[in-house]
>>> print(open('my_file20.cif').read())   # mmCIF, C-alpha atoms and all ligand atoms
data_run
#
loop_
_atom_site.label_atom_id
_atom_site.label_comp_id
_atom_site.auth_asym_id
_atom_site.auth_seq_id
_atom_site.Cartn_x
_atom_site.Cartn_y
_atom_site.Cartn_z
CA MET A 598 0.00 0.00 0.00
CA LYS A 599 2.77 2.37 0.99
CA ALA A 600 4.69 1.58 -2.18
CA ILE A 601 1.64 2.39 -4.28
CA ILE A 602 1.23 5.78 -2.61
CA VAL A 603 4.91 6.57 -3.01
CA SER A 604 4.88 5.74 -6.71
CA MET A 605 1.68 7.73 -7.23
CA VAL A 606 3.26 10.77 -5.61
CA ALA A 607 6.38 10.34 -7.72
CA ALA A 608 4.33 10.04 -10.90
CA SER A 609 2.23 13.08 -10.17
CA SER A 610 5.19 15.28 -9.32
CA LEU A 611 6.83 14.23 -12.58
CA PHE A 612 3.60 15.15 -14.33
CA MET A 613 3.54 18.57 -12.63
CA ALA A 614 7.17 19.19 -13.59
CA CYS A 615 6.29 18.57 -17.24
CA ILE A 616 3.37 21.00 -17.11
CA SER A 617 5.37 23.80 -15.55
CA MET A 618 8.19 23.24 -18.03
CA ALA A 619 5.82 23.52 -20.99
CA ALA A 620 4.36 26.77 -19.66
CA ASP A 621 7.57 28.46 -18.63
CA MET A 622 8.18 32.08 -19.54
CA PRO A 623 11.28 32.78 -21.66
CA GLU A 624 14.29 34.47 -20.01
CA VAL A 625 13.67 37.75 -21.89
CA ALA A 626 10.18 37.94 -20.37
CA LYS A 627 11.71 37.73 -16.89
CA LYS A 628 14.39 40.26 -17.77
CA PHE A 629 11.82 42.89 -18.82
CA GLY A 630 9.33 42.16 -16.07
CA CYS A 631 6.61 40.84 -18.40
CA THR A 632 6.08 38.10 -15.83
CA ASN A 633 4.91 40.69 -13.26
CA CYS A 634 1.76 41.24 -15.29
CA HIS A 635 1.45 38.23 -17.59
CA LYS A 636 1.09 34.52 -17.21
CA ILE A 637 0.96 31.98 -20.01
CA ASP A 638 -2.48 30.55 -19.38
CA LYS A 639 -4.15 32.98 -16.95
CA LYS A 640 -5.07 36.64 -16.80
CA LEU A 641 -2.99 38.57 -14.27
CA VAL A 642 -2.80 42.36 -14.73
CA GLY A 643 -2.62 41.82 -18.47
CA PRO A 644 -4.24 39.06 -20.56
CA GLY A 645 -2.87 35.51 -20.54
CA TRP A 646 -0.42 35.01 -23.38
CA LYS A 647 -2.30 31.99 -24.67
CA ASP A 648 -5.44 34.14 -24.97
CA ILE A 649 -3.44 36.72 -26.91
CA SER A 650 -2.22 34.00 -29.27
CA ASP A 651 -5.81 32.77 -29.78
CA LYS A 652 -7.13 36.28 -30.42
CA TYR A 653 -4.59 37.00 -33.15
CA LYS A 654 -4.78 33.63 -34.95
CA GLY A 655 -5.10 34.30 -38.66
CA ASP A 656 -4.33 38.02 -38.29
CA ALA A 657 -1.62 38.79 -40.84
CA GLU A 658 -0.64 41.92 -38.92
CA ALA A 659 -0.43 40.27 -35.53
CA GLU A 660 3.36 40.36 -35.42
CA ALA A 661 3.50 44.08 -36.24
CA LYS A 662 0.69 44.99 -33.82
CA LEU A 663 2.14 43.05 -30.90
CA SER A 664 5.68 44.32 -31.52
CA THR A 665 4.46 47.93 -31.43
CA LYS A 666 2.49 47.25 -28.25
CA ILE A 667 5.50 45.71 -26.49
CA VAL A 668 7.76 48.65 -27.39
CA LYS A 669 5.29 51.53 -27.03
CA GLY A 670 2.68 50.16 -24.63
CA GLY A 671 -0.96 51.21 -24.73
CA SER A 672 -4.46 50.16 -23.72
CA GLY A 673 -7.93 49.56 -25.11
CA VAL A 674 -7.54 46.18 -26.79
CA TRP A 675 -8.22 44.06 -23.69
CA GLY A 676 -9.56 46.69 -21.33
CA PRO A 677 -8.79 50.05 -19.75
CA ILE A 678 -5.58 49.00 -17.96
CA PRO A 679 -2.56 50.26 -19.94
CA MET A 680 0.45 48.14 -20.72
CA PRO A 681 3.69 50.09 -20.14
CA GLY A 682 6.13 50.44 -23.05
CA ASN A 683 9.66 49.05 -23.08
CA ALA A 684 12.00 51.65 -24.54
CA LYS A 685 15.11 49.61 -23.74
CA ILE A 686 14.10 46.36 -25.41
CA SER A 687 16.01 45.38 -28.60
CA ASP A 688 14.41 44.27 -31.89
CA PRO A 689 15.58 40.65 -31.62
CA GLU A 690 14.19 40.48 -28.07
CA VAL A 691 10.82 41.84 -29.21
CA LYS A 692 10.78 39.33 -32.05
CA GLU A 693 11.62 36.47 -29.70
CA LEU A 694 8.73 37.43 -27.40
CA VAL A 695 6.21 37.91 -30.20
CA THR A 696 7.20 34.60 -31.81
CA PHE A 697 6.89 32.89 -28.45
CA ILE A 698 3.46 34.39 -27.70
CA LEU A 699 1.99 33.73 -31.15
CA GLY A 700 3.33 30.18 -31.06
CA LEU A 701 1.41 29.28 -27.90
C1 LIG A 801 2.42 46.67 -15.70
C2 LIG A 801 1.87 45.46 -16.27
C3 LIG A 801 2.42 44.93 -17.59
C4 LIG A 801 3.71 44.61 -17.92
C5 LIG A 801 4.97 44.78 -17.08
C6 LIG A 801 3.66 44.02 -19.25
N1 LIG A 801 2.37 44.02 -19.71
FE1 LIG A 801 1.74 43.29 -21.52
N2 LIG A 801 -0.13 43.96 -21.13
C7 LIG A 801 -0.55 44.55 -19.95
C8 LIG A 801 -1.94 44.98 -20.09
C9 LIG A 801 -2.78 45.66 -19.03
C10 LIG A 801 -2.32 44.62 -21.42
C11 LIG A 801 -3.66 44.89 -22.12
C12 LIG A 801 -3.53 46.19 -22.92
C13 LIG A 801 -4.73 46.52 -23.76
O1 LIG A 801 -5.86 46.24 -23.37
O2 LIG A 801 -4.55 47.09 -24.86
C14 LIG A 801 -1.17 43.97 -22.03
C15 LIG A 801 -1.17 43.46 -23.31
C16 LIG A 801 -0.10 42.76 -23.90
C17 LIG A 801 -0.13 42.15 -25.20
C18 LIG A 801 -1.31 42.16 -26.17
C19 LIG A 801 -1.31 43.46 -26.92
C20 LIG A 801 -2.51 43.70 -27.79
O3 LIG A 801 -2.59 44.82 -28.32
O4 LIG A 801 -3.38 42.82 -27.95
C21 LIG A 801 1.11 41.60 -25.40
C22 LIG A 801 1.60 40.87 -26.65
C23 LIG A 801 1.89 41.86 -24.22
N3 LIG A 801 1.13 42.56 -23.31
C24 LIG A 801 3.20 41.47 -24.04
C25 LIG A 801 4.01 41.91 -23.00
C26 LIG A 801 5.44 41.68 -22.95
C27 LIG A 801 6.25 40.91 -23.98
C28 LIG A 801 5.89 42.29 -21.80
C29 LIG A 801 7.33 42.42 -21.30
C30 LIG A 801 8.26 43.05 -22.23
C31 LIG A 801 4.74 42.87 -21.13
N4 LIG A 801 3.62 42.62 -21.89
C32 LIG A 801 4.77 43.56 -19.93
C33 LIG A 801 0.20 44.73 -18.81
C34 LIG A 801 1.58 44.56 -18.73
#
>>> encode(input="my_file20.cif", output="structure tokens")
Amino acid sequence: MKAIIVSMVAASSLFMACISMAADMPEVAKKFGCTNCHKIDKKLVGPGWKDISDKYKGDAEAEAKLSTKIVKGGSGVWGPIPMPGNAKISDPEVKELVTFILGL
């Protein structure tokens, strides 16, 4: 009985580790504090990144729109709360984030 419980616990923690690995934020997102307001699969201050990906599916201008938003900030797409801009972020970093978000 004890062995069964132990192996069940081991299996479920392995399962949890896989889930959190799949939904981990990229390093750039931590560096620029995106993680303070965004989560992958849940709304925090800003919309969940998976919801953003769903909303822009099939939008040919998604990459341009999201890049501008990340650099300049703004509000009104998801609600009245503004997203702050990131003046110090580089183009490759913006591209990495947009590619990551749209690929969710
Ligand atoms: C202070 C909180 C905050 C931080 C920090 C933040 N965001 Fe946001 N983000 C928001 C809010 C609020 C919105 C919704 C804005 C709106 O409704 O137009 C948003 C929206 C977005 C959107 C969707 C834009 C759209 O027009 O649909 C993307 C993409 C995004 N954020 C990416 C990022 C990335 C990448 C970072 C880090 C570089 C970041 N956010 C940092 C609060 C934040």
>>> residues_near_ligand(input="my_file20.cif", ligand="ligand LIG 801 (chain A)", cutoff="8 Å", atoms="all atoms listed in the file", output="PyMOL selection string")
chain A and resi 625-627+629-635+642-644+646+649+652-653+662-664+666-668+670-683+686+691+694-695+698
>>> atom_distance(input="my_file20.cif", atom1="CA of Glu690 (chain A)", atom2="CA of Lys628 (chain A)")
10.3 Å
>>> atom_distance(input="my_file20.cif", atom1="CA of Lys685 (chain A)", atom2="CA of Asp656 (chain A)")
26.9 Å
>>> atom_distance(input="my_file20.cif", atom1="CA of Leu701 (chain A)", atom2="CA of Asp688 (chain A)")
20.2 Å
